[in-house]
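Accompanying notes for the structure given below.
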Amino acid sequence: MEPSPQTSPWRAWSWVPSLYFCQAVPYVAVVALSVPMYKRLGVSNTDLAFWTSWLYLPWVIKPLWSPLVDRFRTKRAWIWSLQFFVGAGLAAVALAVPGPDFFRWTLAAFWLLAFASATHDIAADGFYLLALPPHQQAAFVGVRSTFYRLANIAGQGGLVWLAGRLEETTGDVRTAWAWVFVPPAALFILGAIYHLIVLPRPSGDGPVKERESVATDWAAAFVSFFRKPGIGAILSFLLLYRLGEAQLLKLVQPFLLDFRGLGGLELATSQVGVIYGLHGIVALTLGGLLGGWLISRFGLKRMLWPMLAAMHLPNLAYVWLATAQPASPWLVSAAVATEQLGYGFGFTAYMVYLMMIADGPHKTAHYAIGTGLMALGMMLPGMAAGWIQDLIGYRWFFVWVCVACLPSIAATALIKVDPSFGKKGVP
C-alpha cells in the first residue's frame with residue numbers, strides 16, 4: 001500500500017525519535033543489561049552466556065509471526081499496546097530480582113520481553129513505512145539510528161552506571177539491580193500513553209490480507225527467499241560473518257567485571273557502564289556512520305573487504321587486555337572503543353548486504369528473514385562462549401575469538417555483490 005501523505009516533517013519529529021528510542025530499550029534490557037546483572041548476582045559465565053544467548057530466539061523466529069501483525073489490528077494499535085506490555089514486563093523483572101529463585105523468574109520475564117520486543121520491531125518498522133512517504137523515510141533513517149543508539153547509551157551506559165552507584169550506596173547488589181529496571185518500566189508506560197495520543201493514523205494502516213490465509217503468505221515469502229540464486233553462500237555469510245564477535249560480545253562485560261585472579265580486569269560496575277556503555281557505544285555509532293558514508297561513496301563491493309578487516313582485527317585489543325591486565329581505566333577504555341569502532345564500521349557492510357538481498361514483492365519479509373538469520377548467527381555461537389571461556393581462560397578465549405574470523409573470511413569470499421549497490425546516486 002502507498003504510505004499516507006505527510007505534509008510536514010515536524011509531525012514526524014513528534015514520533016519517529018521516541019518510537020525508535022522505545023524500540024531499542026527492551027532489546028538492550030534483554031540482551032545487554034541481563035549479562036552484567038547476572039554476573040554481579042553470581043551466575044557463572046557458562047550459565048549466563050548460554051541462557052542469555054537463548055534470549056535471541058524471538059528475534060530469530062520473528063518472521064514466523066510477522067504475517068499476523070499485518071493481518072490483525074492496525075500497526076499503530078500493536079505499538080502502543082505492546083509498549084504497555086513491555087512496561088509491565090520490566091516491572092516484573094524489578095520485582096523478581098530480590099526474590100527467591102531470581103534466575104528462573106527473571107529469565108521468564110526476559111523471555112516475555114523478548115517476544116514483545118521482537119513483535120514491536122515488526123509493527124514499528126511497518127508503521128514507519130506506512131506513515132511516511134519515501135522521501136521522508138530516507139530523510140529520517142539517520143534520526144532512527146541516532147535515537148536507537150541513544151537508547152543503547154542510556155541502557156548499557158546510564159543504567160549500568162546507575163546500578164554501580166546503587167551497589168555502592170545501598171551495599172546490596174540485588175536491591176541495586178532491582179531499582180535499575182524501574183526507570184525503563186515507567187518510561188514505557190508513559191511512552192505507551194504518549195504514542196497512543198501522537199501517532200498518526202495512516203490510511204493504509206489496517207489488516208492486510210493479500211492471500212486467503214496466513215500460511216499462504218508465509219510460505220510464499222519463505223519459498224522466494226530460499227530460492228534465491230546462491231542461497232548457500234548467502235546463508236553462510238549471514239550466519240558466519242560475526243562468528244567471532246558473537247562470542248566476544250557475551251564475555252566483554254564479565255571480563256571487565258571479573259576478579260584479576262580469574263583473568264578479568266576487576267572494574268567497578270559504574271566504570272563498566274561508562275567504558276563499555278558510553279565510550280564503547282559512541283565509538284560503535286561513529287564507526288557505523290563512517291561505514292555508511294564510505295559505502296555511499298564507493299559502493300558495498302569496494303568496501304566489503306576493508307570492513308571485514310575492521311570487524312576482526314581490533315579483537316586483538318582484548319588479547320592485549322587479558323595479557324597485560326592494565327590498571328588504567330583510560331587504557332581499557334581506549335582498547336574497548338577501538339574494538340567497538342571497528343565493529344560498528346564492519347557491521348555496516350552486513351546491514352547493507354541485508355538490504356541488497358531483500359528484493360522482489362516480498363522485500364519486507366525477506367529483510368525480516370535476513371534479520372532473523374542475523375540473530376541466529378549471534379545466538380548459537382554465544383551459547384557456547386561462556387563454556388569455552390571457563391575451559392581455557394580469558395586470554396586464550398580472546399585468541400580463539402580471533403581465530404574464529406577464518407570462517408567469516410571464507411564466507412565473504414563466496415558471496416556476489418552488485419558493484420554499484422549502496423553507492424549514492426545509483427538506483
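Each chain in the C-alpha cells gets a letter, A, B, ..., in the order shown, and its residues are numbered from 1; ligands are numbered from 1 in order too.
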
Give me the residues within 12 Å of A:Trp105 as a list in words, counting only C-alpha atoms and dropping any in the same chain fewer than 6 places off.
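My list of contacting residues is Gly89, Ala92, Val93, Ala94, Leu95, Ala96, Val97, Pro98, Gly99, Trp111 and Leu112 of chain A.
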
Based on the selection just made, write N, CA and C atoms of those residues as a JSON list (two decimals), in the first residue's frame.
[["chain", "number", "residue", "atom", "x", "y", "z"],
["A", 89, "GLY", "N", 6.42, -5.86, 31.85],
["A", 89, "GLY", "CA", 7.47, -6.87, 31.89],
["A", 89, "GLY", "C", 8.72, -6.38, 32.59],
["A", 92, "ALA", "N", 8.12, -6.45, 36.16],
["A", 92, "ALA", "CA", 8.20, -7.82, 36.68],
["A", 92, "ALA", "C", 9.65, -8.22, 36.95],
["A", 93, "VAL", "N", 10.58, -7.80, 36.09],
["A", 93, "VAL", "CA", 11.99, -8.08, 36.33],
["A", 93, "VAL", "C", 12.43, -7.43, 37.63],
["A", 94, "ALA", "N", 12.03, -6.16, 37.83],
["A", 94, "ALA", "CA", 12.41, -5.44, 39.06],
["A", 94, "ALA", "C", 11.89, -6.17, 40.30],
["A", 95, "LEU", "N", 10.70, -6.72, 40.22],
["A", 95, "LEU", "CA", 10.14, -7.44, 41.37],
["A", 95, "LEU", "C", 10.79, -8.79, 41.59],
["A", 96, "ALA", "N", 11.27, -9.43, 40.49],
["A", 96, "ALA", "CA", 11.81, -10.79, 40.61],
["A", 96, "ALA", "C", 13.25, -10.82, 41.09],
["A", 97, "VAL", "N", 14.02, -9.76, 40.83],
["A", 97, "VAL", "CA", 15.45, -9.77, 41.17],
["A", 97, "VAL", "C", 15.70, -10.02, 42.66],
["A", 98, "PRO", "N", 15.00, -9.34, 43.58],
["A", 98, "PRO", "CA", 15.31, -9.56, 45.01],
["A", 98, "PRO", "C", 14.73, -10.86, 45.56],
["A", 99, "GLY", "N", 13.85, -11.51, 44.84],
["A", 99, "GLY", "CA", 13.13, -12.65, 45.38],
["A", 99, "GLY", "C", 13.91, -13.95, 45.30],
["A", 111, "TRP", "N", 12.21, -13.53, 28.71],
["A", 111, "TRP", "CA", 11.64, -14.23, 27.55],
["A", 111, "TRP", "C", 10.39, -13.51, 27.04],
["A", 112, "LEU", "N", 9.49, -13.16, 27.95],
["A", 112, "LEU", "CA", 8.28, -12.45, 27.55],
["A", 112, "LEU", "C", 8.62, -11.09, 26.93]]

So that I can see what lies close to A:Leu265, please list as a count of residues only the residues with an atom at most 7 Å from it, counting only C-alpha atoms and leaving out residues fewer than 6 positions away in the same chain.
6

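Ranking A:Ala24, A:Leu373, A:Ala176, A:Val43 by their shortest atom-to-atom distance to A:Trp59, with only C-alpha atoms included, puts A:Leu373 first.
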
Quick one: of A:Val352, A:Leu304, A:Leu331, A:Val30, who's nearest to A:Thr412, counting only C-alpha atoms?
A:Leu304

Excluding A:Leu162 and its own-chain neighbours fewer than 5 positions away, which residues fall within 10 Å of it when counting only C-alpha atoms? Please give them as a list in words.
Gly155, Gly157, Glu167, Glu168, Ala176, Trp177, Trp179, Val180, Thr269, Ser270 and Gly273 of chain A

Now that the selection is made, can you save its residues with C-alpha atoms as a tab-separated table (two decimals), in the first residue's frame?
chain	number	residue	atom	x	y	z
A	155	GLY	CA	20.82	1.41	28.81
A	157	GLY	CA	25.90	3.18	29.85
A	167	GLU	CA	25.54	-1.00	44.66
A	168	GLU	CA	27.93	1.41	46.37
A	176	ALA	CA	20.54	-2.08	43.23
A	177	TRP	CA	19.70	-4.10	40.12
A	179	TRP	CA	15.81	-0.46	41.10
A	180	VAL	CA	17.64	-0.23	37.76
A	269	THR	CA	30.10	-1.75	37.78
A	270	SER	CA	29.83	2.03	37.32
A	273	GLY	CA	28.81	1.47	32.43

Excluding same-chain residues fewer than 3 positions from A:Gln271, what lies within 10 Å of it counting only C-alpha atoms, as a JSON list (two decimals) with N, CA and C atoms, in the first residue's frame?
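The resulting file, out_35.json, is shown below:
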[["chain", "number", "residue", "atom", "x", "y", "z"],
["A", 157, "GLY", "N", 25.07, 2.23, 29.13],
["A", 157, "GLY", "CA", 25.90, 3.18, 29.85],
["A", 157, "GLY", "C", 25.23, 3.68, 31.11],
["A", 160, "VAL", "N", 23.72, 0.84, 33.62],
["A", 160, "VAL", "CA", 24.78, 0.07, 34.26],
["A", 160, "VAL", "C", 25.55, 0.95, 35.24],
["A", 161, "TRP", "N", 25.79, 2.20, 34.85],
["A", 161, "TRP", "CA", 26.42, 3.14, 35.79],
["A", 161, "TRP", "C", 25.55, 3.33, 37.03],
["A", 164, "GLY", "N", 25.87, 0.48, 39.35],
["A", 164, "GLY", "CA", 27.09, 0.55, 40.14],
["A", 164, "GLY", "C", 26.99, 1.53, 41.29],
["A", 165, "ARG", "N", 26.41, 2.69, 41.02],
["A", 165, "ARG", "CA", 26.25, 3.69, 42.09],
["A", 165, "ARG", "C", 25.33, 3.18, 43.19],
["A", 256, "LEU", "N", 35.40, -7.53, 32.04],
["A", 256, "LEU", "CA", 35.69, -6.25, 32.68],
["A", 256, "LEU", "C", 35.37, -6.29, 34.18],
["A", 257, "LEU", "N", 34.37, -7.08, 34.56],
["A", 257, "LEU", "CA", 33.94, -7.13, 35.96],
["A", 257, "LEU", "C", 34.68, -8.17, 36.79],
["A", 266, "GLU", "N", 38.56, -6.53, 36.89],
["A", 266, "GLU", "CA", 38.05, -6.14, 38.22],
["A", 266, "GLU", "C", 37.66, -4.66, 38.28],
["A", 267, "LEU", "N", 36.95, -4.19, 37.27],
["A", 267, "LEU", "CA", 36.45, -2.82, 37.28],
["A", 267, "LEU", "C", 35.15, -2.75, 38.09],
["A", 268, "ALA", "N", 34.85, -1.58, 38.61],
["A", 268, "ALA", "CA", 33.57, -1.36, 39.29],
["A", 268, "ALA", "C", 32.45, -1.36, 38.25],
["A", 274, "VAL", "N", 30.40, 3.30, 32.11],
["A", 274, "VAL", "CA", 30.99, 4.42, 31.37],
["A", 274, "VAL", "C", 31.85, 3.92, 30.22],
["A", 275, "ILE", "N", 32.74, 2.93, 30.49],
["A", 275, "ILE", "CA", 33.70, 2.47, 29.48],
["A", 275, "ILE", "C", 33.01, 1.74, 28.34],
["A", 276, "TYR", "N", 32.19, 0.75, 28.67],
["A", 276, "TYR", "CA", 31.56, -0.06, 27.63],
["A", 276, "TYR", "C", 30.25, 0.54, 27.14],
["A", 277, "GLY", "N", 29.46, 1.06, 28.09],
["A", 277, "GLY", "CA", 28.13, 1.55, 27.73],
["A", 277, "GLY", "C", 28.11, 2.94, 27.16],
["A", 278, "LEU", "N", 29.11, 3.78, 27.48],
["A", 278, "LEU", "CA", 29.16, 5.13, 26.93],
["A", 278, "LEU", "C", 30.24, 5.26, 25.87],
["A", 329, "PRO", "N", 42.01, 2.82, 33.77],
["A", 329, "PRO", "CA", 40.71, 2.78, 33.07],
["A", 329, "PRO", "C", 40.77, 3.44, 31.70],
["A", 333, "SER", "N", 39.54, 1.80, 28.35],
["A", 333, "SER", "CA", 38.54, 2.50, 27.54],
["A", 333, "SER", "C", 39.00, 2.66, 26.10]]

Using only C-alpha atoms, which residue out of A:Ala384, A:Ala220, A:Val60, A:Ala375 lies closest to A:Leu48?
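Distance minimum relative to A:Leu48 lands on A:Ala384.
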
Write out as a ChimeraX atom specification the residues lying within 9 Å of stretch 188-205 of chain A, counting only C-alpha atoms and excluding same-chain residues fewer than 2 positions away.
/A:1-5,11-12,14-15,18-19,22,25,70,73-77,79-88,90,127,130-132,183-186,207-208

May I have the residues from that selection written out with C-alpha atoms, as a tab-separated table (two decimals), in the first residue's frame?
chain	number	residue	atom	x	y	z
A	1	MET	CA	0.00	0.00	0.00
A	2	GLU	CA	1.05	3.56	-0.57
A	3	PRO	CA	2.07	5.49	2.53
A	4	SER	CA	-0.25	8.23	3.62
A	5	PRO	CA	0.77	11.80	2.74
A	11	ARG	CA	4.82	15.91	12.61
A	12	ALA	CA	7.31	13.07	12.02
A	14	SER	CA	6.93	14.19	17.19
A	15	TRP	CA	7.00	10.38	16.99
A	18	SER	CA	10.50	8.42	20.57
A	19	LEU	CA	9.35	5.31	18.67
A	22	CYS	CA	11.49	2.80	22.69
A	25	VAL	CA	15.10	-0.20	25.21
A	70	ASP	CA	-0.13	-7.49	9.10
A	73	ARG	CA	-5.35	-4.94	14.06
A	74	THR	CA	-3.52	-1.81	13.00
A	75	LYS	CA	0.24	-1.45	13.46
A	76	ARG	CA	-0.50	1.67	15.49
A	77	ALA	CA	-2.53	-0.44	17.95
A	79	ILE	CA	2.74	-0.43	19.01
A	80	TRP	CA	1.06	1.22	21.98
A	81	SER	CA	-0.41	-2.00	23.40
A	82	LEU	CA	2.97	-3.77	23.25
A	83	GLN	CA	4.59	-0.79	24.96
A	84	PHE	CA	2.19	-1.18	27.89
A	85	PHE	CA	3.11	-4.88	27.99
A	86	VAL	CA	6.85	-4.14	27.91
A	87	GLY	CA	6.46	-1.67	30.77
A	88	ALA	CA	4.75	-4.36	32.83
A	90	LEU	CA	10.27	-4.56	33.02
A	127	PHE	CA	4.28	1.63	10.63
A	130	LEU	CA	3.16	3.37	6.04
A	131	ALA	CA	3.17	6.70	7.87
A	132	LEU	CA	5.92	8.43	5.86
A	183	PRO	CA	13.04	3.86	35.25
A	184	PRO	CA	12.65	1.95	31.94
A	185	ALA	CA	9.39	0.41	33.20
A	186	ALA	CA	7.99	3.87	33.96
A	207	PRO	CA	-5.43	-5.53	8.44
A	208	VAL	CA	-3.77	-6.76	5.24

A:Phe397, A:Phe21, A:Phe298, A:Phe222 ranked by distance to A:Glu245, top pick (using only C-alpha atoms):
A:Phe397

What are the closest atom pairs, with distances in Å to one decimal, for each residue of stretch 241-274 of chain A lying within 12 Å of stretch 340-348 of chain A, using only C-alpha atoms, rows by chain and rising residue number, as JSON lines?
{"residue": "A:Tyr241", "atom": "CA", "partner": "A:Phe347", "partner_atom": "CA", "distance": 8.9}
{"residue": "A:Arg242", "atom": "CA", "partner": "A:Phe347", "partner_atom": "CA", "distance": 8.4}
{"residue": "A:Gly244", "atom": "CA", "partner": "A:Tyr343", "partner_atom": "CA", "distance": 11.0}
{"residue": "A:Glu245", "atom": "CA", "partner": "A:Tyr343", "partner_atom": "CA", "distance": 8.2}
{"residue": "A:Ala246", "atom": "CA", "partner": "A:Tyr343", "partner_atom": "CA", "distance": 11.1}
{"residue": "A:Leu248", "atom": "CA", "partner": "A:Tyr343", "partner_atom": "CA", "distance": 11.1}
{"residue": "A:Leu249", "atom": "CA", "partner": "A:Gln340", "partner_atom": "CA", "distance": 10.2}
{"residue": "A:Val252", "atom": "CA", "partner": "A:Gln340", "partner_atom": "CA", "distance": 11.2}

Interatomic distance between atom CA of A:Asp101 and atom CA of A:Asp172?
16.9 Å

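With only C-alpha atoms as the atoms that count, the residue of A:Leu64, A:Gln23, A:Ile122, A:Phe103 with the shortest distance to A:Ser145 is A:Gln23.
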
To one decimal in Å, tell me the separation between atom CA of A:Ala404 and atom CA of A:Val319.
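One can read the atom CA of A:Ala404 to atom CA of A:Val319 distance as 13.6 Å.
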
Counting only C-alpha atoms, figure out which residue out of A:Cys405, A:Arg40, A:Thr371, A:Trp218 gets nearest to A:Val272.
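Counting only C-alpha atoms, the residue closest to A:Val272 is A:Arg40.
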
Once DSSP has gone over the backbone, tell me which residues of stretch 92-249 of chain A are in alpha helix (DSSP H), as an MDAnalysis selection string.
chainID A and resid 92:96 102:131 134:139 141:152 160:170 173:180 182:198 214:226 231:240 243:249

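The gap separating atom CA of A:Asn45 from atom CA of A:Phe102 is 16.7 Å, in Å to one decimal.
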